[in-house]
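Next comes final-v2.cif, a file with mmCIF, C-alpha atoms and all ligand atoms.
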```cif
data_target
#
loop_
_atom_site.label_atom_id
_atom_site.label_comp_id
_atom_site.auth_asym_id
_atom_site.auth_seq_id
_atom_site.Cartn_x
_atom_site.Cartn_y
_atom_site.Cartn_z
CA MET M 1 -19.95 -14.22 -20.47
CA LYS M 2 -22.85 -15.43 -22.60
CA THR M 3 -26.05 -13.37 -22.19
CA TYR M 4 -29.45 -14.88 -22.93
CA LYS M 5 -32.05 -12.26 -23.74
CA ILE M 6 -35.41 -13.41 -22.45
CA ALA M 7 -38.71 -11.78 -23.38
CA VAL M 8 -40.95 -12.35 -20.38
CA ILE M 9 -44.68 -12.14 -21.09
CA PRO M 10 -46.34 -12.83 -17.74
CA GLY M 11 -49.82 -12.28 -19.19
CA ASP M 12 -52.92 -12.65 -17.06
CA GLY M 13 -54.08 -13.99 -13.73
CA VAL M 14 -51.46 -16.07 -11.96
CA GLY M 15 -49.00 -15.63 -14.86
CA PRO M 16 -46.92 -12.87 -13.22
CA GLU M 17 -46.62 -14.67 -9.87
CA VAL M 18 -45.43 -17.95 -11.31
CA LEU M 19 -42.97 -16.39 -13.78
CA THR M 20 -41.43 -14.31 -11.00
CA GLU M 21 -40.41 -17.58 -9.34
CA GLY M 22 -39.22 -19.07 -12.61
CA MET M 23 -36.96 -16.08 -13.27
CA LYS M 24 -35.71 -16.29 -9.70
CA VAL M 25 -34.59 -19.86 -10.35
CA LEU M 26 -33.02 -19.05 -13.72
CA LYS M 27 -31.03 -16.18 -12.21
CA ARG M 28 -29.79 -18.39 -9.39
CA VAL M 29 -28.69 -21.00 -11.93
CA ALA M 30 -26.75 -18.35 -13.86
CA GLU M 31 -25.13 -17.13 -10.66
CA LEU M 32 -24.05 -20.64 -9.70
CA ASP M 33 -22.76 -21.41 -13.17
CA GLY M 34 -20.89 -18.19 -13.72
CA THR M 35 -20.45 -18.52 -17.51
CA PHE M 36 -23.83 -17.16 -18.62
CA GLN M 37 -26.45 -14.68 -17.49
CA PHE M 38 -30.07 -13.84 -18.20
CA GLU M 39 -31.27 -10.43 -19.27
CA ASP M 40 -35.04 -10.38 -18.82
CA THR M 41 -37.35 -7.79 -20.36
CA TRP M 42 -40.95 -7.87 -19.15
CA PHE M 43 -43.79 -7.06 -21.54
CA PRO M 44 -47.16 -6.12 -20.01
CA TRP M 45 -49.16 -7.75 -22.80
CA GLY M 46 -52.39 -9.62 -22.21
CA CYS M 47 -56.02 -9.00 -21.38
CA GLU M 48 -55.53 -5.87 -19.29
CA TYR M 49 -53.48 -4.42 -22.13
CA TYR M 50 -56.29 -5.38 -24.50
CA LEU M 51 -58.90 -3.56 -22.45
CA LYS M 52 -56.74 -0.42 -22.56
CA THR M 53 -55.51 -0.57 -26.16
CA GLY M 54 -57.82 -2.92 -28.06
CA ARG M 55 -54.87 -5.25 -28.78
CA MET M 56 -53.32 -8.15 -26.91
CA MET M 57 -49.87 -6.96 -27.94
CA PRO M 58 -48.63 -3.99 -29.96
CA GLU M 59 -48.79 -4.12 -33.74
CA ASP M 60 -45.04 -4.68 -33.94
CA GLY M 61 -45.07 -7.21 -31.07
CA ILE M 62 -43.75 -10.04 -33.22
CA GLU M 63 -40.96 -7.81 -34.57
CA ILE M 64 -40.01 -6.88 -31.02
CA LEU M 65 -39.87 -10.51 -29.89
CA LYS M 66 -37.63 -11.50 -32.80
CA GLY M 67 -34.72 -9.89 -31.02
CA TYR M 68 -34.83 -12.32 -28.08
CA ASP M 69 -33.24 -15.70 -27.51
CA ALA M 70 -36.38 -17.10 -25.90
CA ILE M 71 -39.85 -16.15 -24.75
CA TYR M 72 -41.06 -17.04 -21.28
CA LEU M 73 -44.84 -16.92 -21.13
CA GLY M 74 -47.09 -17.08 -18.07
CA ALA M 75 -50.79 -17.47 -18.83
CA VAL M 76 -53.29 -15.85 -21.16
CA GLY M 77 -56.99 -15.25 -20.72
CA TYR M 78 -59.23 -13.38 -18.34
CA PRO M 79 -62.97 -12.90 -17.87
CA GLY M 80 -64.03 -9.87 -19.91
CA VAL M 81 -62.06 -10.78 -23.02
CA PRO M 82 -63.35 -13.68 -25.14
CA ASP M 83 -60.87 -16.58 -25.01
CA HIS M 84 -60.67 -16.99 -28.78
CA ILE M 85 -59.48 -13.38 -29.02
CA SER M 86 -57.00 -13.41 -26.16
CA LEU M 87 -55.47 -16.70 -27.26
CA TRP M 88 -55.43 -16.15 -31.02
CA ASP M 89 -53.95 -12.68 -30.68
CA LEU M 90 -51.14 -13.58 -28.30
CA LEU M 91 -50.21 -17.21 -27.57
CA LEU M 92 -51.29 -18.75 -30.87
CA THR M 93 -49.94 -15.82 -32.90
CA ILE M 94 -46.52 -16.30 -31.37
CA ARG M 95 -46.56 -20.07 -31.94
CA LYS M 96 -47.50 -19.51 -35.59
CA ASN M 97 -45.35 -16.53 -36.52
CA PHE M 98 -42.28 -18.13 -35.00
CA ASP M 99 -43.03 -21.51 -36.56
CA GLN M 100 -42.80 -23.20 -33.17
CA TYR M 101 -43.98 -26.42 -34.67
CA VAL M 102 -42.88 -28.68 -31.84
CA ASN M 103 -44.74 -28.61 -28.55
CA LEU M 104 -42.68 -30.71 -26.17
CA ARG M 105 -44.51 -31.73 -23.01
CA PRO M 106 -43.04 -34.05 -20.44
CA VAL M 107 -45.57 -36.25 -18.67
CA LYS M 108 -43.42 -37.60 -15.89
CA LEU M 109 -44.47 -38.47 -12.37
CA LEU M 110 -41.84 -36.92 -10.12
CA LYS M 111 -41.00 -38.39 -6.72
CA GLY M 112 -43.32 -36.89 -4.15
CA ALA M 113 -45.94 -35.81 -6.69
CA PRO M 114 -49.48 -37.10 -6.19
CA CYS M 115 -50.95 -39.61 -8.63
CA PRO M 116 -54.65 -40.50 -8.70
CA LEU M 117 -54.07 -43.87 -10.40
CA ALA M 118 -54.23 -46.98 -8.26
CA GLY M 119 -51.62 -49.69 -8.64
CA VAL M 120 -49.24 -47.65 -10.79
CA GLU M 121 -45.56 -47.35 -9.87
CA ARG M 122 -44.01 -43.92 -10.20
CA GLU M 123 -41.53 -45.07 -12.86
CA GLU M 124 -44.41 -46.19 -15.06
CA ILE M 125 -45.42 -42.63 -15.89
CA ASN M 126 -42.59 -41.21 -17.93
CA MET M 127 -43.65 -39.96 -21.35
CA THR M 128 -42.35 -37.33 -23.71
CA PHE M 129 -45.31 -35.91 -25.59
CA ILE M 130 -44.53 -34.29 -28.92
CA ARG M 131 -47.53 -32.33 -30.07
CA GLU M 132 -47.72 -30.86 -33.58
CA ASN M 133 -48.01 -27.15 -32.90
CA SER M 134 -48.43 -25.31 -36.19
CA GLU M 135 -51.39 -26.71 -38.09
CA GLY M 136 -53.93 -29.53 -37.76
CA GLU M 137 -57.11 -28.49 -36.03
CA TYR M 138 -55.48 -25.19 -35.00
CA ALA M 139 -54.78 -23.98 -38.53
CA GLY M 140 -57.41 -21.28 -38.17
CA SER M 141 -58.93 -22.25 -41.49
CA GLY M 142 -62.65 -22.37 -42.02
CA SER M 143 -65.71 -20.32 -42.74
CA TRP M 144 -68.86 -19.02 -41.14
CA LEU M 145 -71.60 -18.88 -43.72
CA PHE M 146 -74.97 -17.18 -43.38
CA LYS M 147 -73.98 -15.86 -39.95
CA ASP M 148 -76.96 -15.38 -37.64
CA LYS M 149 -79.36 -16.69 -40.29
CA PRO M 150 -81.42 -19.86 -39.87
CA ASN M 151 -79.28 -21.64 -42.46
CA GLU M 152 -76.05 -20.77 -40.66
CA VAL M 153 -73.12 -23.15 -41.39
CA VAL M 154 -69.73 -23.31 -39.70
CA ILE M 155 -66.74 -25.16 -41.10
CA GLN M 156 -63.48 -25.63 -39.18
CA ASP M 157 -60.83 -27.32 -41.29
CA GLY M 158 -58.13 -29.65 -40.11
CA VAL M 159 -55.03 -28.84 -42.12
CA PHE M 160 -52.39 -31.54 -42.46
CA SER M 161 -49.57 -30.74 -44.85
CA ARG M 162 -46.94 -33.24 -45.92
CA LYS M 163 -44.23 -30.88 -44.72
CA GLY M 164 -45.99 -30.34 -41.39
CA CYS M 165 -46.55 -34.03 -40.71
CA GLU M 166 -43.12 -35.14 -41.85
CA ARG M 167 -41.21 -32.64 -39.76
CA ILE M 168 -43.01 -33.34 -36.49
CA ILE M 169 -42.89 -37.10 -36.97
CA ARG M 170 -39.20 -36.93 -37.89
CA TYR M 171 -38.51 -34.77 -34.83
CA ALA M 172 -40.22 -37.39 -32.66
CA PHE M 173 -38.20 -40.20 -34.20
CA GLU M 174 -35.00 -38.27 -33.50
CA VAL M 175 -36.00 -37.87 -29.84
CA ALA M 176 -36.90 -41.56 -29.56
CA ARG M 177 -33.61 -42.59 -31.18
CA LYS M 178 -31.61 -40.31 -28.89
CA GLU M 179 -33.43 -41.50 -25.78
CA LYS M 180 -33.44 -45.14 -26.98
CA ARG M 181 -37.16 -45.36 -26.32
CA SER M 182 -40.18 -46.45 -28.30
CA LEU M 183 -42.35 -44.05 -30.30
CA THR M 184 -46.14 -44.16 -30.26
CA SER M 185 -48.15 -42.32 -32.91
CA ILE M 186 -51.64 -41.33 -31.83
CA SER M 187 -54.15 -40.86 -34.62
CA LYS M 188 -57.72 -41.63 -35.65
CA GLY M 189 -57.55 -43.09 -39.14
CA ASN M 190 -60.74 -45.12 -38.77
CA ALA M 191 -62.99 -42.03 -38.63
CA LEU M 192 -60.89 -39.17 -40.02
CA ASN M 193 -60.52 -40.69 -43.44
CA TYR M 194 -58.39 -37.97 -45.00
CA SER M 195 -56.26 -36.27 -42.38
CA ARG M 196 -55.43 -39.23 -40.19
CA VAL M 197 -55.06 -41.80 -42.93
CA PHE M 198 -52.51 -39.36 -44.36
CA TRP M 199 -50.82 -38.96 -40.96
CA ASP M 200 -50.62 -42.75 -40.53
CA GLN M 201 -49.14 -43.13 -44.00
CA ILE M 202 -46.45 -40.55 -43.29
CA PHE M 203 -45.68 -42.14 -39.92
CA LYS M 204 -45.09 -45.43 -41.73
CA GLU M 205 -42.94 -43.78 -44.40
CA VAL M 206 -40.72 -41.93 -41.95
CA SER M 207 -40.40 -44.99 -39.71
CA LYS M 208 -38.46 -46.71 -42.51
CA GLU M 209 -35.64 -44.23 -41.88
CA TYR M 210 -35.50 -45.31 -38.23
CA PRO M 211 -35.39 -49.12 -38.16
CA ASP M 212 -33.78 -48.93 -34.70
CA VAL M 213 -36.83 -47.25 -33.14
CA LYS M 214 -39.66 -49.49 -31.95
CA THR M 215 -43.03 -48.01 -32.95
CA HIS M 216 -46.68 -48.32 -31.97
CA SER M 217 -49.81 -46.73 -33.43
CA LEU M 218 -52.92 -46.10 -31.40
CA LEU M 219 -56.30 -44.56 -32.03
CA VAL M 220 -56.79 -41.52 -29.84
CA ASP M 221 -59.74 -42.94 -27.93
CA ALA M 222 -57.84 -46.09 -27.05
CA ALA M 223 -54.77 -44.01 -26.18
CA ALA M 224 -56.79 -42.00 -23.66
CA MET M 225 -57.96 -45.22 -22.05
CA PHE M 226 -54.46 -46.74 -21.94
CA MET M 227 -52.92 -43.59 -20.45
CA VAL M 228 -55.08 -44.29 -17.42
CA LYS M 229 -55.07 -48.11 -17.42
CA ASP M 230 -51.51 -48.83 -18.53
CA PRO M 231 -49.41 -45.66 -18.77
CA LYS M 232 -46.11 -47.52 -19.01
CA ARG M 233 -46.76 -48.37 -22.66
CA PHE M 234 -46.10 -44.76 -23.59
CA GLU M 235 -42.53 -43.50 -23.92
CA VAL M 236 -42.09 -40.95 -26.70
CA VAL M 237 -45.45 -39.98 -28.20
CA VAL M 238 -46.25 -37.98 -31.34
CA THR M 239 -49.67 -36.64 -32.20
CA SER M 240 -51.62 -33.82 -33.80
CA ASN M 241 -52.28 -30.40 -32.33
CA LEU M 242 -55.73 -30.96 -30.81
CA PHE M 243 -55.16 -34.55 -29.72
CA GLY M 244 -51.92 -33.43 -28.07
CA ASP M 245 -53.69 -30.59 -26.32
CA ILE M 246 -56.31 -32.87 -24.82
CA LEU M 247 -54.04 -35.78 -23.96
CA THR M 248 -51.45 -33.60 -22.22
CA ASP M 249 -54.12 -32.32 -19.83
CA LEU M 250 -54.90 -35.96 -19.12
CA GLY M 251 -51.16 -36.47 -18.75
CA ALA M 252 -51.04 -33.63 -16.23
CA ALA M 253 -53.90 -35.17 -14.28
CA ILE M 254 -51.99 -38.45 -13.82
CA SER M 255 -48.66 -36.82 -13.01
CA GLY M 256 -49.25 -34.31 -10.23
CA GLY M 257 -51.79 -31.96 -11.76
CA MET M 258 -51.72 -28.79 -13.84
CA GLY M 259 -49.47 -27.10 -11.29
CA LEU M 260 -46.69 -29.38 -12.48
CA ALA M 261 -47.26 -29.41 -16.24
CA ALA M 262 -44.75 -27.62 -18.45
CA GLY M 263 -44.40 -27.17 -22.17
CA ALA M 264 -41.86 -25.93 -24.68
CA ASN M 265 -42.92 -24.46 -28.02
CA LEU M 266 -39.87 -25.06 -30.13
CA ASN M 267 -38.60 -23.75 -33.42
CA PRO M 268 -35.88 -26.40 -33.54
CA GLU M 269 -33.90 -24.71 -36.31
CA GLY M 270 -33.49 -21.59 -34.21
CA THR M 271 -34.69 -19.30 -37.01
CA PHE M 272 -37.05 -17.75 -34.48
CA PRO M 273 -37.15 -17.68 -30.69
CA SER M 274 -38.77 -20.60 -28.92
CA MET M 275 -41.29 -20.14 -26.11
CA PHE M 276 -41.51 -21.82 -22.72
CA GLU M 277 -44.64 -21.85 -20.57
CA PRO M 278 -46.58 -23.63 -17.88
CA ILE M 279 -49.52 -25.25 -19.64
CA HIS M 280 -52.05 -24.28 -17.01
CA GLY M 281 -54.34 -21.30 -17.51
CA SER M 282 -54.50 -17.94 -15.78
CA ALA M 283 -56.62 -19.32 -12.88
CA PRO M 284 -58.58 -16.09 -12.20
CA ASP M 285 -60.15 -17.71 -9.13
CA ILE M 286 -56.85 -17.71 -7.23
CA ALA M 287 -54.96 -14.93 -9.02
CA GLY M 288 -53.29 -12.32 -6.84
CA GLN M 289 -53.40 -14.41 -3.67
CA GLY M 290 -49.86 -15.71 -4.04
CA ILE M 291 -50.90 -19.34 -3.70
CA SER M 292 -50.49 -20.60 -7.26
CA ASN M 293 -48.01 -23.39 -7.84
CA PRO M 294 -44.90 -22.12 -9.67
CA MET M 295 -43.47 -25.60 -10.29
CA ALA M 296 -44.80 -25.85 -13.85
CA SER M 297 -43.17 -22.52 -14.67
CA VAL M 298 -39.91 -23.62 -13.09
CA TRP M 299 -40.07 -26.86 -15.05
CA ALA M 300 -40.57 -24.79 -18.23
CA ALA M 301 -37.46 -22.84 -17.22
CA SER M 302 -35.64 -26.16 -16.97
CA GLN M 303 -36.77 -26.92 -20.52
CA MET M 304 -35.35 -23.55 -21.56
CA LEU M 305 -31.99 -24.48 -20.04
CA ASP M 306 -32.08 -27.78 -21.96
CA PHE M 307 -32.85 -25.94 -25.19
CA PHE M 308 -29.93 -23.55 -24.67
CA GLY M 309 -27.69 -26.62 -24.34
CA HIS M 310 -27.38 -26.50 -20.55
CA GLU M 311 -28.92 -29.93 -20.01
CA ASP M 312 -26.90 -30.38 -16.84
CA TRP M 313 -28.66 -27.36 -15.32
CA GLY M 314 -32.00 -28.37 -16.78
CA LYS M 315 -31.69 -31.64 -14.90
CA LYS M 316 -30.54 -29.96 -11.69
CA VAL M 317 -33.57 -27.67 -11.73
CA LEU M 318 -35.91 -30.62 -12.26
CA ASP M 319 -34.14 -32.52 -9.45
CA ALA M 320 -34.61 -29.47 -7.21
CA ILE M 321 -38.37 -29.46 -7.89
CA GLU M 322 -38.42 -33.16 -7.08
CA ASP M 323 -36.47 -32.63 -3.83
CA VAL M 324 -38.98 -29.99 -2.74
CA LEU M 325 -41.86 -32.37 -3.52
CA VAL M 326 -40.22 -35.17 -1.55
CA ASP M 327 -39.74 -32.89 1.47
CA GLY M 328 -43.43 -32.07 1.21
CA ILE M 329 -43.02 -28.84 3.19
CA ALA M 330 -43.13 -26.06 0.61
CA MET M 331 -46.33 -27.18 -1.08
CA THR M 332 -49.04 -24.91 -2.45
CA PRO M 333 -52.74 -25.69 -1.81
CA ASP M 334 -53.17 -27.62 -5.09
CA LEU M 335 -50.70 -30.13 -3.61
CA GLY M 336 -52.38 -30.13 -0.24
CA GLY M 337 -50.08 -27.62 1.48
CA THR M 338 -50.27 -24.05 2.70
CA ALA M 339 -47.09 -22.61 1.21
CA SER M 340 -47.09 -19.47 -0.90
CA THR M 341 -45.91 -19.21 -4.48
CA SER M 342 -42.72 -17.43 -3.44
CA GLN M 343 -41.98 -19.90 -0.64
CA VAL M 344 -41.99 -22.69 -3.21
CA GLY M 345 -39.67 -20.66 -5.46
CA ASP M 346 -37.33 -20.04 -2.53
CA ALA M 347 -37.35 -23.72 -1.60
CA ILE M 348 -36.37 -24.71 -5.15
CA VAL M 349 -33.59 -22.10 -5.15
CA ALA M 350 -32.34 -23.45 -1.81
CA LYS M 351 -32.15 -26.97 -3.24
CA LEU M 352 -29.92 -25.73 -6.06
CA GLY M 353 -27.31 -24.97 -3.40
C1 LIG B 1 -52.41 -25.24 -24.29
C2 LIG B 1 -53.65 -24.40 -24.19
C3 LIG B 1 -53.87 -23.67 -25.49
C4 LIG B 1 -53.99 -24.69 -26.59
C5 LIG B 1 -55.11 -22.77 -25.49
C6 LIG B 1 -55.06 -21.83 -24.33
C7 LIG B 1 -55.32 -22.07 -26.79
O1 LIG B 1 -54.74 -25.17 -23.82
O2 LIG B 1 -51.33 -24.69 -24.51
O3 LIG B 1 -52.51 -26.46 -24.14
O4 LIG B 1 -55.07 -25.26 -26.79
O5 LIG B 1 -53.00 -24.94 -27.27
MN MN B 2 -54.24 -27.22 -23.37
#
```

As a first step, turn the structure in this file into structure tokens.
Amino acid sequence: MKTYKIAVIPGDGVGPEVLTEGMKVLKRVAELDGTFQFEDTWFPWGCEYYLKTGRMMPEDGIEILKGYDAIYLGAVGYPGVPDHISLWDLLLTIRKNFDQYVNLRPVKLLKGAPCPLAGVEREEINMTFIRENSEGEYAGSGSWLFKDKPNEVVIQDGVFSRKGCERIIRYAFEVARKEKRSLTSISKGNALNYSRVFWDQIFKEVSKEYPDVKTHSLLVDAAAMFMVKDPKRFEVVVTSNLFGDILTDLGAAISGGMGLAAGANLNPEGTFPSMFEPIHGSAPDIAGQGISNPMASVWAASQMLDFFGHEDWGKKVLDAIEDVLVDGIAMTPDLGGTASTSQVGDAIVAKLG
């Protein structure tokens, strides 16, 4: 029997509630399959931990996590701890230390999920967003000169390395080739005359290795407009860290909302563990009430199954979410219902059979 060791970091706010449902689903999948199991270890790291210890995770946190097959993360951030501290010292540290350079975010309108766009068929929203996840605007490079003086200057660098651009663009081409879909690069070469001209050049170079993949290039502002006006033009999409962050929230808005948006932070080579998470925040306003939507977390669990090579189960879990949406009974308030977080988890488990 294969055992997958999962480091569960529920984090803050609604994180623990939604991951409880995700683990419930994963354990049911393992039970039904019978050839593998999950061994989950829960780490109480996050803002509460910070207020007690002065750290978001222990000093050897990264060392500890190295021993796991995957990380399952809930949400990070809570009033009382500045966001740039809570995020840089937990979520972003893990992404960086484990070189999780691919952030894979499906933007797919499931049957039964609400869509605010008029005149758009469900099938027309089906994108695979591949966000660069290790550098770009999130490199953490910059300086703060003359702090608190009248001549104060702040510089935040965008770091685009050849290695970093090539590997994410190549990864996206591989996905597009495998899925037999087009690849759209989203950039901003007209204004960002170093970083994005470089990105565009590398996109062109790498595309020569993939003559079978149809490509498009869009400026980020136009891409945002087309995601709303004509979402069907996007199939596989590759973009930089910050653009991908912003556009995947837009993607969530057109495909059921943040309660349905999942993301995988992948280290494709498997040198380090990958991390799976709902992309919504800790939602302090509704935390502890048991009404948060666990579907994004369950979808992230489905991505974990895919990554472990159990694509059949990954698909079954996604189908189960879709079945629950179509029934329209076990729906949390964000989807217009009155169901609790655990009722939704139970409904998904029931659909798995
Ligand atoms: C996300 C989040 C994070 C990001 C924040 C919380 C640092 O918005 O995963 O999309 O910007 O990457
Ligand atoms: Mn985001």

Could you give me, as a PDB file with C-alpha atoms, in the frame of the given file, every polymer residue with an atom at most 9 Å away from an atom of ligand LIG 1 (chain B), counting all atoms listed in the file?
```pdb
ATOM      1  CA  ALA M  75     -50.790 -17.470 -18.830  1.00  0.00           C
ATOM      2  CA  VAL M  76     -53.290 -15.850 -21.160  1.00  0.00           C
ATOM      3  CA  GLY M  77     -56.990 -15.250 -20.720  1.00  0.00           C
ATOM      4  CA  ASP M  83     -60.870 -16.580 -25.010  1.00  0.00           C
ATOM      5  CA  HIS M  84     -60.670 -16.990 -28.780  1.00  0.00           C
ATOM      6  CA  SER M  86     -57.000 -13.410 -26.160  1.00  0.00           C
ATOM      7  CA  LEU M  87     -55.470 -16.700 -27.260  1.00  0.00           C
ATOM      8  CA  TRP M  88     -55.430 -16.150 -31.020  1.00  0.00           C
ATOM      9  CA  LEU M  91     -50.210 -17.210 -27.570  1.00  0.00           C
ATOM     10  CA  LEU M  92     -51.290 -18.750 -30.870  1.00  0.00           C
ATOM     11  CA  ASN M 103     -44.740 -28.610 -28.550  1.00  0.00           C
ATOM     12  CA  ASN M 133     -48.010 -27.150 -32.900  1.00  0.00           C
ATOM     13  CA  TYR M 138     -55.480 -25.190 -35.000  1.00  0.00           C
ATOM     14  CA  ASN M 241     -52.280 -30.400 -32.330  1.00  0.00           C
ATOM     15  CA  LEU M 242     -55.730 -30.960 -30.810  1.00  0.00           C
ATOM     16  CA  GLY M 244     -51.920 -33.430 -28.070  1.00  0.00           C
ATOM     17  CA  ASP M 245     -53.690 -30.590 -26.320  1.00  0.00           C
ATOM     18  CA  ILE M 246     -56.310 -32.870 -24.820  1.00  0.00           C
ATOM     19  CA  THR M 248     -51.450 -33.600 -22.220  1.00  0.00           C
ATOM     20  CA  ASP M 249     -54.120 -32.320 -19.830  1.00  0.00           C
ATOM     21  CA  GLY M 263     -44.400 -27.170 -22.170  1.00  0.00           C
ATOM     22  CA  GLU M 277     -44.640 -21.850 -20.570  1.00  0.00           C
ATOM     23  CA  PRO M 278     -46.580 -23.630 -17.880  1.00  0.00           C
ATOM     24  CA  ILE M 279     -49.520 -25.250 -19.640  1.00  0.00           C
ATOM     25  CA  HIS M 280     -52.050 -24.280 -17.010  1.00  0.00           C
ATOM     26  CA  GLY M 281     -54.340 -21.300 -17.510  1.00  0.00           C
TER      27      GLY M 281
END
```

- [ ] Skip Leu318 (chain M) itself and residues of its chain fewer than 3 positions away, then list as a PyMOL selection string all residues within 10 Å of it, counting only C-alpha atoms.
- [x] chain M and resi 110+295+298-303+313-315+321-323+348+352

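With distances taken over all atoms listed in the file, M:Phe308 is the one residue among M:Phe308, M:Asp334, M:Gly15, M:Lys147 lying closest to Ser274 (chain M).
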
TODO: Provide the CA of Glu205 (chain M) to CA of Val159 (chain M) distance in Å, to one decimal place.
DONE: 19.4 Å

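With CA of Glu166 (chain M) on one side and CA of Ala261 (chain M) on the other, the separation reads 26.6 Å.
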
- [ ] Would you mind telling me which residue in M:Met57, M:Leu183, M:Leu247, M:Ala253 lies nearest to ligand MN 2 (chain B) when using only C-alpha atoms and all ligand atoms?
- [x]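 Closest to ligand MN 2 (chain B) of all the choices is M:Leu247.
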
Open item on the list: Given the point (-37.0, -11.2, -33.1) in the coordinates of this file, which residues lie within 12 Å, counting all atoms listed in the file, and how would they look as a PyMOL selection string?
Closed with: chain M and resi 5-7+60-71+94+97-98+270-274

Just write the chosen residues, C-alpha atoms, as a PDB file, keeping the file's coordinate frame.
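Saved result, out26.pdb, follows:
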```pdb
ATOM      1  CA  LYS M   5     -32.050 -12.260 -23.740  1.00  0.00           C
ATOM      2  CA  ILE M   6     -35.410 -13.410 -22.450  1.00  0.00           C
ATOM      3  CA  ALA M   7     -38.710 -11.780 -23.380  1.00  0.00           C
ATOM      4  CA  ASP M  60     -45.040  -4.680 -33.940  1.00  0.00           C
ATOM      5  CA  GLY M  61     -45.070  -7.210 -31.070  1.00  0.00           C
ATOM      6  CA  ILE M  62     -43.750 -10.040 -33.220  1.00  0.00           C
ATOM      7  CA  GLU M  63     -40.960  -7.810 -34.570  1.00  0.00           C
ATOM      8  CA  ILE M  64     -40.010  -6.880 -31.020  1.00  0.00           C
ATOM      9  CA  LEU M  65     -39.870 -10.510 -29.890  1.00  0.00           C
ATOM     10  CA  LYS M  66     -37.630 -11.500 -32.800  1.00  0.00           C
ATOM     11  CA  GLY M  67     -34.720  -9.890 -31.020  1.00  0.00           C
ATOM     12  CA  TYR M  68     -34.830 -12.320 -28.080  1.00  0.00           C
ATOM     13  CA  ASP M  69     -33.240 -15.700 -27.510  1.00  0.00           C
ATOM     14  CA  ALA M  70     -36.380 -17.100 -25.900  1.00  0.00           C
ATOM     15  CA  ILE M  71     -39.850 -16.150 -24.750  1.00  0.00           C
ATOM     16  CA  ILE M  94     -46.520 -16.300 -31.370  1.00  0.00           C
ATOM     17  CA  ASN M  97     -45.350 -16.530 -36.520  1.00  0.00           C
ATOM     18  CA  PHE M  98     -42.280 -18.130 -35.000  1.00  0.00           C
ATOM     19  CA  GLY M 270     -33.490 -21.590 -34.210  1.00  0.00           C
ATOM     20  CA  THR M 271     -34.690 -19.300 -37.010  1.00  0.00           C
ATOM     21  CA  PHE M 272     -37.050 -17.750 -34.480  1.00  0.00           C
ATOM     22  CA  PRO M 273     -37.150 -17.680 -30.690  1.00  0.00           C
ATOM     23  CA  SER M 274     -38.770 -20.600 -28.920  1.00  0.00           C
TER      24      SER M 274
END
```

- [ ] Have a look at M:Val120, M:Val238, M:Ala113, M:Leu51 and name the one nearest to Glu132 (chain M); count all atoms listed in the file.
- [x] M:Val238

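The interatomic distance for the pair CA of Ala191 (chain M) and CA of Ile254 (chain M) works out to 27.4 Å.
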
TODO: Just the residues within 12 Å of Asp221 (chain M), please, counting all atoms listed in the file, with nothing from its chain fewer than 2 positions along; format it as a ChimeraX atom specification.
DONE: /M:186-191,217-219,223-228,243,246-247

TODO: Choose the residue, out of M:Ala30, M:Val197, M:Val25, M:Met258, that has the smallest atom-to-atom separation from ligand MN 2 (chain B); count all atoms listed in the file.
DONE: M:Met258

Task: Residue nearest Phe276 (chain M) among M:Pro211, M:Val29, M:Pro231, M:Ala264 (counting all atoms listed in the file) - done: M:Ala264

Task: Contacts of Glu59 (chain M) at 12 Å (only C-alpha atoms; same-chain gap of 4+ positions) as a list of chain:residue names - done: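 Residues meeting the cut-off are M:Trp45, M:Tyr50, M:Thr53, M:Gly54, M:Arg55, M:Glu63, M:Ile64, M:Leu65, M:Asp89, M:Leu90, M:Thr93.
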
Only C-alpha atoms, please: the residues just picked out, written as an mmCIF file, in the coordinates of the input.
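Result file follows (selection-v3.cif):
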```
data_model
loop_
_atom_site.group_PDB
_atom_site.id
_atom_site.type_symbol
_atom_site.label_atom_id
_atom_site.label_comp_id
_atom_site.auth_asym_id
_atom_site.auth_seq_id
_atom_site.Cartn_x
_atom_site.Cartn_y
_atom_site.Cartn_z
ATOM 1 C CA TRP M 45 -49.160 -7.750 -22.800
ATOM 2 C CA TYR M 50 -56.290 -5.380 -24.500
ATOM 3 C CA THR M 53 -55.510 -0.570 -26.160
ATOM 4 C CA GLY M 54 -57.820 -2.920 -28.060
ATOM 5 C CA ARG M 55 -54.870 -5.250 -28.780
ATOM 6 C CA GLU M 63 -40.960 -7.810 -34.570
ATOM 7 C CA ILE M 64 -40.010 -6.880 -31.020
ATOM 8 C CA LEU M 65 -39.870 -10.510 -29.890
ATOM 9 C CA ASP M 89 -53.950 -12.680 -30.680
ATOM 10 C CA LEU M 90 -51.140 -13.580 -28.300
ATOM 11 C CA THR M 93 -49.940 -15.820 -32.900
#
```

TODO: Compare M:Met304, M:Lys232, M:Arg131, M:Val220 by their minimum atom-to-atom distance to ligand MN 2 (chain B), counting all atoms listed in the file, and give me the closest one.
DONE: M:Arg131

Task: Close residues, Gln100 (chain M) itself excluded, 7 Å, only C-alpha atoms, min 3 positions apart in chain, as a ChimeraX atom specification - done: /M:95-96,133-134,265-267,274
